[in-house]
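S.K.: Here you go, start_2.txt (compact mmCIF, C-alpha atoms):
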```
# COMPACT_ATOMS: atom_id res chain seq x y z
CA MET V 29 0.00 0.00 0.00
CA GLU V 30 2.90 2.37 0.76
CA LYS V 31 4.30 1.92 -2.78
CA GLU V 32 0.94 2.87 -4.30
CA LYS V 33 0.90 6.01 -2.17
CA VAL V 34 4.37 6.93 -3.40
CA MET V 35 3.23 6.47 -7.02
CA GLU V 36 0.10 8.52 -6.37
CA ALA V 37 2.18 11.32 -4.83
CA ALA V 38 4.60 11.24 -7.76
CA LEU V 39 1.75 11.52 -10.25
CA PHE V 40 0.26 14.40 -8.27
CA MET V 41 3.54 16.32 -8.21
CA SER V 42 4.71 15.61 -11.75
CA PRO V 43 3.76 18.09 -14.49
CA LYS V 44 4.31 15.36 -17.07
CA ALA V 45 3.25 11.80 -17.63
CA LEU V 46 5.43 9.24 -15.83
CA THR V 47 6.56 6.03 -17.49
CA LEU V 48 6.34 2.62 -15.83
CA GLU V 49 10.13 2.69 -15.46
CA GLU V 50 10.02 6.02 -13.61
CA LEU V 51 7.24 4.74 -11.35
CA ASN V 52 9.25 1.54 -10.70
CA LEU V 53 12.23 3.60 -9.54
CA ILE V 54 10.23 6.01 -7.43
CA ALA V 55 8.26 3.31 -5.61
CA GLU V 56 11.17 0.87 -5.53
CA VAL V 57 9.24 -1.87 -7.32
CA ASN V 58 11.18 -4.56 -9.20
CA SER V 59 8.46 -5.67 -11.59
CA ARG V 60 6.77 -3.78 -14.43
CA ILE V 61 3.81 -6.15 -14.05
CA GLU V 62 3.47 -5.28 -10.37
CA THR V 63 3.71 -1.55 -11.13
CA LYS V 64 1.13 -1.88 -13.91
CA ALA V 65 -1.22 -3.71 -11.51
CA MET V 66 -0.78 -0.98 -8.88
CA MET V 67 -1.47 1.71 -11.47
CA ASP V 68 -4.61 -0.12 -12.60
CA GLU V 69 -5.75 -0.17 -8.94
CA LEU V 70 -5.07 3.55 -8.57
CA LYS V 71 -6.94 4.32 -11.80
CA HIS V 72 -9.89 2.24 -10.56
CA PHE V 73 -9.77 3.98 -7.17
CA TYR V 74 -10.06 7.44 -8.77
CA ASN V 75 -12.74 6.30 -11.23
CA SER V 76 -14.86 4.65 -8.53
CA ARG V 77 -15.02 7.65 -6.19
CA LYS V 78 -16.57 11.02 -6.92
CA SER V 79 -13.27 12.82 -7.38
CA ALA V 80 -12.45 15.78 -9.62
CA LEU V 81 -9.13 14.06 -10.39
CA GLU V 82 -8.37 11.10 -12.59
CA ILE V 83 -5.36 9.01 -13.51
CA ILE V 84 -5.11 8.27 -17.20
CA GLU V 85 -2.83 6.04 -19.23
CA LEU V 86 -1.24 7.77 -22.22
CA PRO V 87 1.03 6.24 -24.85
CA ILE V 88 3.97 7.82 -22.99
CA GLY V 89 2.94 6.88 -19.44
CA TYR V 90 0.52 7.75 -16.64
CA GLN V 91 -0.73 11.17 -15.67
CA MET V 92 -2.95 12.57 -12.94
CA ARG V 93 -5.14 15.43 -14.07
CA VAL V 94 -8.38 17.30 -13.44
CA LYS V 95 -11.42 15.68 -15.06
CA GLU V 96 -12.77 17.56 -18.07
CA ASP V 97 -15.98 18.49 -16.26
CA TYR V 98 -13.99 20.65 -13.82
CA GLU V 99 -11.09 21.81 -15.97
CA GLU V 100 -12.82 24.90 -17.36
CA LYS V 101 -13.62 26.19 -13.86
CA VAL V 102 -10.10 25.81 -12.47
CA LYS V 103 -7.76 26.23 -15.44
CA HIS V 104 -6.93 29.83 -14.45
CA PHE V 105 -4.96 28.38 -11.53
CA ALA V 106 -2.61 26.60 -13.93
CA GLN V 107 0.90 27.89 -14.44
CA ASP V 108 1.31 30.60 -17.07
CA ALA V 109 2.74 29.71 -20.47
CA MET V 110 6.38 28.77 -20.51
CA PHE V 111 7.06 30.75 -23.73
CA HIS V 112 5.92 34.03 -25.22
CA LYS V 113 3.56 34.11 -28.20
CA GLY V 114 6.32 34.38 -30.85
CA ILE V 115 8.07 31.23 -29.63
CA MET V 116 4.72 29.44 -29.43
CA LYS V 117 3.99 30.35 -33.06
CA THR V 118 7.37 29.01 -34.13
CA LEU V 119 6.75 25.82 -32.18
CA ALA V 120 3.29 25.49 -33.74
CA LEU V 121 4.78 25.77 -37.23
CA ILE V 122 7.40 23.12 -36.46
CA ALA V 123 4.81 20.78 -34.91
CA TYR V 124 2.40 21.22 -37.80
CA LYS V 125 4.90 20.83 -40.65
CA GLN V 126 7.42 18.45 -39.06
CA PRO V 127 9.86 17.40 -40.20
CA ILE V 128 10.60 20.91 -41.48
CA THR V 129 13.87 22.51 -42.44
CA GLN V 130 15.21 25.34 -40.30
CA SER V 131 15.49 27.52 -43.41
CA THR V 132 11.76 27.08 -44.08
CA VAL V 133 10.94 28.07 -40.50
CA ILE V 134 13.08 31.20 -40.87
CA GLN V 135 11.39 31.97 -44.19
CA TYR V 136 7.93 31.88 -42.55
CA ARG V 137 8.78 33.29 -39.13
CA ASN V 138 11.70 35.72 -39.88
CA ASN V 139 15.19 35.88 -38.35
CA LYS V 140 13.85 35.99 -34.78
CA ALA V 141 13.04 32.31 -35.23
CA TYR V 142 16.76 31.49 -34.81
CA GLU V 143 16.44 32.60 -31.19
CA HIS V 144 13.10 30.80 -30.85
CA ILE V 145 14.67 27.56 -32.12
CA LYS V 146 17.55 27.99 -29.67
CA VAL V 147 15.13 28.43 -26.72
CA LEU V 148 13.01 25.46 -27.83
CA MET V 149 16.10 23.27 -28.14
CA GLU V 150 17.41 24.36 -24.72
CA ASN V 151 14.05 23.36 -23.24
CA ALA V 152 14.06 20.05 -25.21
CA PHE V 153 10.79 20.72 -27.06
CA ILE V 154 12.40 20.25 -30.47
CA LYS V 155 15.40 18.50 -31.93
CA LYS V 156 17.42 19.30 -35.01
CA GLU V 157 19.45 17.10 -37.29
CA PRO V 158 21.87 18.24 -39.99
CA ARG V 159 20.51 18.22 -43.54
CA GLY V 160 22.83 19.70 -46.11
CA LYS V 161 23.47 23.37 -45.30
CA THR V 162 20.50 23.53 -42.94
CA TYR V 163 18.82 21.42 -40.27
CA THR V 164 15.65 19.36 -40.05
CA LEU V 165 13.49 20.26 -37.05
CA SER V 166 10.93 18.07 -35.30
CA THR V 167 9.25 17.84 -31.90
CA THR V 168 10.39 15.62 -29.03
CA THR V 169 8.77 13.43 -26.40
CA LYS V 170 8.82 16.40 -24.01
CA PHE V 171 6.65 18.30 -26.50
CA LEU V 172 4.09 15.48 -26.34
CA GLU V 173 4.24 15.40 -22.55
CA TYR V 174 3.66 19.16 -22.30
CA PHE V 175 1.05 19.66 -25.03
CA GLY V 176 -0.31 16.17 -25.53
CA LYS V 177 -2.26 15.58 -22.37
CA ASP V 178 -5.19 14.35 -24.47
CA PHE V 179 -3.12 12.02 -26.62
CA GLY V 180 -4.33 8.46 -26.24
CA LYS V 181 -7.70 9.69 -25.05
CA SER V 182 -10.46 7.85 -26.85
CA LYS V 183 -13.39 5.55 -26.21
CA THR V 184 -11.19 2.56 -26.96
CA LYS V 185 -8.14 1.36 -25.01
CA ALA V 186 -5.72 3.44 -27.11
CA ALA V 187 -6.06 6.04 -29.81
CA VAL V 188 -4.41 5.12 -33.07
CA VAL V 189 -3.26 7.75 -35.51
CA GLN V 190 -3.79 6.56 -39.06
CA SER V 191 -0.94 8.39 -40.79
CA ALA V 192 1.79 10.98 -40.34
CA SER V 193 -0.43 13.69 -41.82
CA ASP V 194 -3.20 12.81 -39.32
CA SER V 195 -0.64 13.07 -36.55
CA ARG V 196 0.44 16.52 -37.75
CA ASN V 197 -3.19 17.67 -37.93
CA VAL V 198 -3.83 16.50 -34.37
CA LEU V 199 -0.64 18.20 -33.15
CA ALA V 200 -1.47 21.43 -34.95
CA ALA V 201 -4.96 21.55 -33.46
CA LYS V 202 -3.61 20.92 -29.96
CA VAL V 203 -0.85 23.54 -30.28
CA GLU V 204 -3.33 26.10 -31.67
CA SER V 205 -5.69 25.36 -28.77
CA VAL V 206 -2.92 25.87 -26.21
CA MET V 207 -1.81 29.06 -27.95
CA GLU V 208 -5.36 30.43 -27.88
CA GLN V 209 -5.72 29.60 -24.19
CA ASN V 210 -2.40 31.28 -23.39
CA ALA V 211 -3.27 34.35 -25.46
CA ALA V 212 -6.65 34.82 -23.77
CA PRO V 213 -6.64 37.47 -21.02
CA GLN V 214 -6.75 35.99 -17.53
CA ASN V 215 -9.37 37.28 -15.07
```
As structure tokens, what does this structure read like?

M.R.:
Amino acid sequence: MEKEKVMEAALFMSPKALTLEELNLIAEVNSRIETKAMMDELKHFYNSRKSALEIIELPIGYQMRVKEDYEEKVKHFAQDAMFHKGIMKTLALIAYKQPITQSTVIQYRNNKAYEHIKVLMENAFIKKEPRGKTYTLSTTTKFLEYFGKDFGKSKTKAAVVQSASDSRNVLAAKVESVMEQNAAPQN
């Protein structure tokens, strides 16, 4: 029971989804199967009681979050955006068009995008790989953890993206939604 409490506390404190491996280490469990069983119990516990919180399983791990029914009423308590609007627009372009060359990003976003790319790389939201005289940019797992809280959310066990273009459309919609929320004046 103590190990489950440690996992629950870790999920509560973590701003990102935690993998089974991370939960194993935190709770000092030696078996992925045992950790998975404990997580299933915790998920059931939150689903069976009338709580505003839930634990969900995403493709990248487990996350504790506010249920949708309550999110609108309390979202103003969430931490402000990590980046200013210009960086968010650059990130949205990269997420939507990935993989995209750095030169194309600069063409659409202007020379300030060099600094945006630097900030996004320092914060591990994007990665770049050499491609001729330029670089190819794409998003990272951290990007999915930060913006993809609804990834894997469907009526079935797991959401399946049909193609790379579908994936880009989903990412673009999610990034645009986050950008709109962050641009809206807070009361």

S.K.: Would you please work out which residue, of V:Asn138, V:Met92, V:Arg77, V:Tyr98, is nearest to Ala37 (chain V) when using all atoms listed in the file?

M.R.: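 Ranking V:Asn138, V:Met92, V:Arg77, V:Tyr98 by distance to Ala37 (chain V), first place goes to V:Met92.
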
S.K.: What is the distance, in Å and to one decimal place, between CA of Met116 (chain V) and CA of Ala45 (chain V)?

M.R.: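 Atom-to-atom, CA of Met116 (chain V) to CA of Ala45 (chain V), that is 21.3 Å.
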
S.K.: For the atom pair CA of Lys64 (chain V) and CA of Leu46 (chain V), what is the interatomic distance in Å to one decimal place?

M.R.: 12.1 Å

S.K.: Enter the distance from CA of Asn52 (chain V) to CA of Glu85 (chain V), in Å, rounded to one decimal.

M.R.: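 Going from CA of Asn52 (chain V) over to CA of Glu85 (chain V) covers 15.5 Å.
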
S.K.: Go through V:Glu100, V:Lys95, V:Asn58, V:Met35 and flag the residue nearest Asn75 (chain V), using all atoms listed in the file for the distances.

M.R.: V:Lys95

S.K.: Using all atoms listed in the file for the distances, tell me which of V:Lys146, V:Arg93, V:Lys140, V:Lys78 is nearest to Phe40 (chain V).

M.R.: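 Under the stated criterion, the closest residue is V:Arg93.
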
S.K.: Neighbouring residues of Ile115 (chain V) were defined as those with any atom within 12 Å, considering all atoms listed in the file; residues of the same chain fewer than 4 positions away were excluded. Please report them as a ChimeraX atom specification.

M.R.: /V:109-111,119-122,133,137-138,140-149,151,153-154,203,207

S.K.: Find the axis-aligned box for region 139-148 of chain V, covering all its listed atoms and adding 6 Å on each side, and write its centre and edge lengths in Å to one decimal as AutoDock Vina command-line options.

M.R.:
```
--center_x 15.3 --center_y 30.7 --center_z -32.5 --size_x 16.5 --size_y 22.5 --size_z 23.6
```

S.K.: Contacts of Glu99 (chain V) at 10 Å or less, counting all atoms listed in the file, minus same-chain residues fewer than 5 places along, as a ChimeraX atom specification?

M.R.: /V:80-81,93-94,104,106

S.K.: With 7 Å as the threshold, what does the neighbourhood of (21.8, 25.2, -41.6) contain in terms of residues, counting only C-alpha atoms? Coordinates are those of the file; answer as a ChimeraX atom specification.

M.R.: /V:130-131,161-163
